[in-house]
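Enquirer: One structure coming up, written as structure tokens, with questions to follow.
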Amino acid sequence: MTEFTVDDLLADIETLVCCESPSSDLDAVAHSADVLTGVGKALLGVEPERIVLDGRTHLRWRFGDGPARVLLLGHHDTVWPMGSLETHPFSVQDGVLRGPGCFDMKTGVVMALHVAASLEDRSGLSILVTGDEELGSPSSRGLIEEEAQGCAAAFVLEASADGGAIKTRRKGVSHYRIEVTGRASHAGLEPEKGINAGIELAHQVLAVAALASPERGTSVVPTVLSAGTTVNTVPAAAAVEVDVRVWDEEEQLRVDREVRALQPVLDDAQVRVTGGINRPPLDAVSSAALYGLAKELASELGLPELTEAAVGGASDGNYTAGLGVPTLDGLGAVGGGAHADHEHVLVEELPKRTALLAALVENVLAKGSPSIQTNPVDDSGRARR
């Protein structure tokens with residue numbers, strides 16, 4: 001088993017956590033990329049390729065002359081605003097590491113770099129660290145899919161589920177904005193001459209919420225709503241944002257069709273739907289072979305038996321799985337509290353988890369993807385998801 005020193009891991013995690021990088025602050029993310037470049041160069045001896053798309057900074061290391069066979073995937077942006085270090089300073093106390101973004105997912109990025117540094121031969125390895133994952137990867141999706149194409153495995157360094165469980169299923173995500181146009185009028189003098197966009201929006205909110213299917217695990221949730229301008233004016237415009245989570249592609253397409261088919265209820269009101277599918281589901285078929293390998297390797301390394309979890313949140317692993325690339329997610333930090341005040345990492349798990357990742361990477365680089373068929377094809381030639 002490759003041994004990793006806790007102190008070395010902690011030093012690099014501290015460096016990244018102490019460089020704040022909220023997704024919406026392009027300068028902060030660019031500075032974070034500078035800091036990450038320094039950490040990576042010190043470990044790997046080479047600087048990454050710096051890729052700026054729509055002002056957002058991503059980093060990529062490629063090793064060897066041939067195509068990538070293994071992709072290590074992570075992100076260096078966080079949900080924490082600038083100034084969070086003042087209220088949530090980096091600390092290590094009683095075996096618990098704390099700080100903004102430590103769990104989601106700067107620890108995972110450090111783990112990936114240390115694993116790469118431990119390899120005698122890095123040929124066929126690619127590391128991609130994006131800067132906009134917390135926003136839904138608007139600029140980096142194409143980059144992720146390009147880098148993953150043809151890989152034998154994509155290992156996603158997002159934090160683990162509860163108890164260190166590997167994430168073998170993730171829901172797919174869709175986002176919509178429903179905009180209603182009505183007609184303004186004086187709410188007291190002549191309300192009948194208006195078309196109340198707020199009332200129309202209420203109809204649409206009820207209609208879209210009814211598209212949920214609890215028995216299939218499909219949630220359709222109206223979230224941010226707005227309507228009107230002044231208290232004495234019939235609203236001429238209103239809007240609602242909608243968050244959709246699904247376990248399977250069929251459900252994602254069903255909801256998409258039905259949201260786009262929404263029609264106004266009030267005479268002369270207009271309804272406009274924008275947005276759509278953001279991330280496809282990461283299904284169990286995509287992760288089964290690699291999870292089986294991870295369990296075998298964990299046993300060989302003398303580590304506790306691995307467990308798996310299905311989670312409602314999405315990651316960039318949804319994109320790689322959507323391409324049919326075998327994908328294993330949740331390989332990063334063990335701890336909890338992502339996006340919350342109690343965000344933390346369990347220090348004693350760091351070397352164990354990093355050793356498991358190293359074993360996975362070495363195995364797939366040497367032998368290729370496990371032999372289990374990961375993307376069966378039906379009679380039409382279309383991949384069954």
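Residue numbers start at 1 in each chain; chains themselves are named A, B, ... in the order of the structure tokens; ligands are numbered from 1 in the order shown.
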Might you pull out every residue within 6 Å of range 63-78 of chain A, with only C-alpha atoms counted and same-chain residues fewer than 4 positions away left off, and present them as a list in words?
Expert: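 After dropping sequence-adjacent residues, the list is Ser21, Pro22, Ser23, Gly101, Val109, Arg122, Ser123, Gly124, Leu125, Ser126, Ile127, Leu128, Val129, Thr130, Gly131, Cys151, Ala152, Ala153, Ala154, Phe155, Val156 and Leu157 of chain A.
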Enquirer: Would you put the residues from that selection into a file with N, CA, C and O atoms, as a compact mmCIF listing (two decimals), in the first residue's frame?
Expert:
# COMPACT_ATOMS: atom_id res chain seq x y z
N SER A 21 -12.37 31.01 -2.69
CA SER A 21 -12.66 30.92 -4.12
C SER A 21 -14.15 30.75 -4.40
O SER A 21 -14.57 29.74 -4.97
N PRO A 22 -14.97 31.72 -4.00
CA PRO A 22 -16.40 31.62 -4.33
C PRO A 22 -16.61 31.63 -5.84
O PRO A 22 -16.00 32.42 -6.56
N SER A 23 -17.48 30.75 -6.31
CA SER A 23 -17.68 30.56 -7.75
C SER A 23 -17.99 31.85 -8.50
O SER A 23 -17.56 32.04 -9.64
N GLY A 101 -14.95 25.12 2.45
CA GLY A 101 -14.59 24.34 1.26
C GLY A 101 -13.67 23.17 1.53
O GLY A 101 -13.26 22.48 0.58
N VAL A 109 -9.16 17.57 -4.05
CA VAL A 109 -8.19 18.06 -5.05
C VAL A 109 -6.77 17.73 -4.60
O VAL A 109 -5.93 17.27 -5.38
N ARG A 122 3.04 8.01 -14.87
CA ARG A 122 1.76 8.73 -14.93
C ARG A 122 1.14 8.72 -16.33
O ARG A 122 0.11 9.36 -16.57
N SER A 123 1.74 8.01 -17.25
CA SER A 123 1.25 8.00 -18.63
C SER A 123 -0.21 7.55 -18.66
O SER A 123 -0.58 6.53 -18.06
N GLY A 124 -1.03 8.31 -19.35
CA GLY A 124 -2.45 7.98 -19.47
C GLY A 124 -3.32 8.61 -18.41
O GLY A 124 -4.54 8.44 -18.42
N LEU A 125 -2.71 9.36 -17.49
CA LEU A 125 -3.47 10.02 -16.43
C LEU A 125 -3.76 11.47 -16.81
O LEU A 125 -2.89 12.17 -17.34
N SER A 126 -4.96 11.91 -16.51
CA SER A 126 -5.34 13.31 -16.70
C SER A 126 -6.02 13.79 -15.42
O SER A 126 -6.79 13.05 -14.81
N ILE A 127 -5.67 15.01 -15.02
CA ILE A 127 -6.31 15.64 -13.86
C ILE A 127 -6.97 16.92 -14.34
O ILE A 127 -6.31 17.77 -14.94
N LEU A 128 -8.26 17.05 -14.08
CA LEU A 128 -8.99 18.24 -14.46
C LEU A 128 -9.64 18.84 -13.22
O LEU A 128 -10.41 18.16 -12.53
N VAL A 129 -9.30 20.10 -12.93
CA VAL A 129 -9.86 20.79 -11.77
C VAL A 129 -10.57 22.04 -12.29
O VAL A 129 -9.92 22.97 -12.79
N THR A 130 -11.88 22.06 -12.19
CA THR A 130 -12.67 23.14 -12.78
C THR A 130 -12.97 24.23 -11.76
O THR A 130 -12.79 24.05 -10.56
N GLY A 131 -13.45 25.37 -12.28
CA GLY A 131 -13.68 26.52 -11.42
C GLY A 131 -15.12 26.99 -11.37
O GLY A 131 -15.38 28.12 -10.91
N CYS A 151 -12.13 7.43 -21.87
CA CYS A 151 -11.41 6.98 -20.68
C CYS A 151 -11.96 5.64 -20.17
O CYS A 151 -13.15 5.35 -20.30
N ALA A 152 -11.06 4.87 -19.55
CA ALA A 152 -11.49 3.62 -18.93
C ALA A 152 -12.17 3.87 -17.60
O ALA A 152 -12.95 3.04 -17.12
N ALA A 153 -11.86 5.02 -16.97
CA ALA A 153 -12.47 5.34 -15.68
C ALA A 153 -12.37 6.83 -15.42
O ALA A 153 -11.37 7.48 -15.77
N ALA A 154 -13.41 7.37 -14.80
CA ALA A 154 -13.39 8.72 -14.25
C ALA A 154 -13.59 8.60 -12.75
O ALA A 154 -14.59 8.04 -12.30
N PHE A 155 -12.62 9.09 -11.99
CA PHE A 155 -12.71 9.08 -10.53
C PHE A 155 -12.97 10.51 -10.06
O PHE A 155 -12.17 11.41 -10.32
N VAL A 156 -14.10 10.69 -9.40
CA VAL A 156 -14.55 12.03 -9.00
C VAL A 156 -14.21 12.22 -7.52
O VAL A 156 -14.64 11.43 -6.67
N LEU A 157 -13.49 13.31 -7.24
CA LEU A 157 -12.96 13.53 -5.88
C LEU A 157 -13.90 14.36 -5.02
O LEU A 157 -13.46 14.98 -4.04
Enquirer: Please produce, as a Markdown table, a per-residue contact table for range 268-378 of chain A versus range 246-252 of chain A (criterion: any atom at most 12 Å away, only C-alpha atoms considered), showing the nearest atom pair and its distance in Å to one decimal, sorted by chain then residue number.
Expert:
| residue | atom | partner | partner_atom | distance |
| --- | --- | --- | --- | --- |
| A:Gly276 | CA | A:Gln252 | CA | 9.7 |
| A:Ile277 | CA | A:Gln252 | CA | 7.5 |
| A:Asn278 | CA | A:Gln252 | CA | 10.2 |
| A:Arg279 | CA | A:Gln252 | CA | 9.7 |
| A:Pro280 | CA | A:Glu249 | CA | 6.7 |
| A:Pro281 | CA | A:Asp248 | CA | 5.9 |
| A:Leu282 | CA | A:Trp247 | CA | 8.0 |
| A:Asp283 | CA | A:Asp248 | CA | 7.3 |
| A:Ala284 | CA | A:Trp247 | CA | 10.0 |
| A:Val285 | CA | A:Asp248 | CA | 11.4 |
| A:Ala310 | CA | A:Trp247 | CA | 9.4 |
| A:Val311 | CA | A:Trp247 | CA | 9.5 |
| A:Gly312 | CA | A:Val246 | CA | 8.1 |
| A:Gly313 | CA | A:Val246 | CA | 10.2 |
| A:Ala314 | CA | A:Val246 | CA | 10.3 |
| A:Asn318 | CA | A:Trp247 | CA | 11.3 |
| A:Ala321 | CA | A:Glu249 | CA | 11.9 |
| A:Gly322 | CA | A:Glu249 | CA | 9.7 |
Enquirer: Between A:Leu346, A:Ala161, A:Ala227, A:Ala212, which one has atoms that come closest to Glu200 in chain A, using only C-alpha atoms?
Expert: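 Among A:Leu346, A:Ala161, A:Ala227, A:Ala212, it is A:Ala227 that comes nearest to Glu200 in chain A.
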Enquirer: Quick check, in Å to one decimal: how far apart do CA of Pro100 in chain A and CA of Val244 in chain A lie?
Expert: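 Interatomic distance here is 27.2 Å.
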Enquirer: Residues at most 8 Å from Cys18 in chain A, counting only C-alpha atoms, excluding those fewer than 3 positions away in the same chain, as a VMD selection string?
Expert: chain A and resid 14 to 15 85 90 99
Enquirer: Using only C-alpha atoms for the distances, tell me which of A:Thr181, A:Ser287, A:Thr107, A:Ser213 is nearest to Val271 in chain A.
Expert: A:Thr181
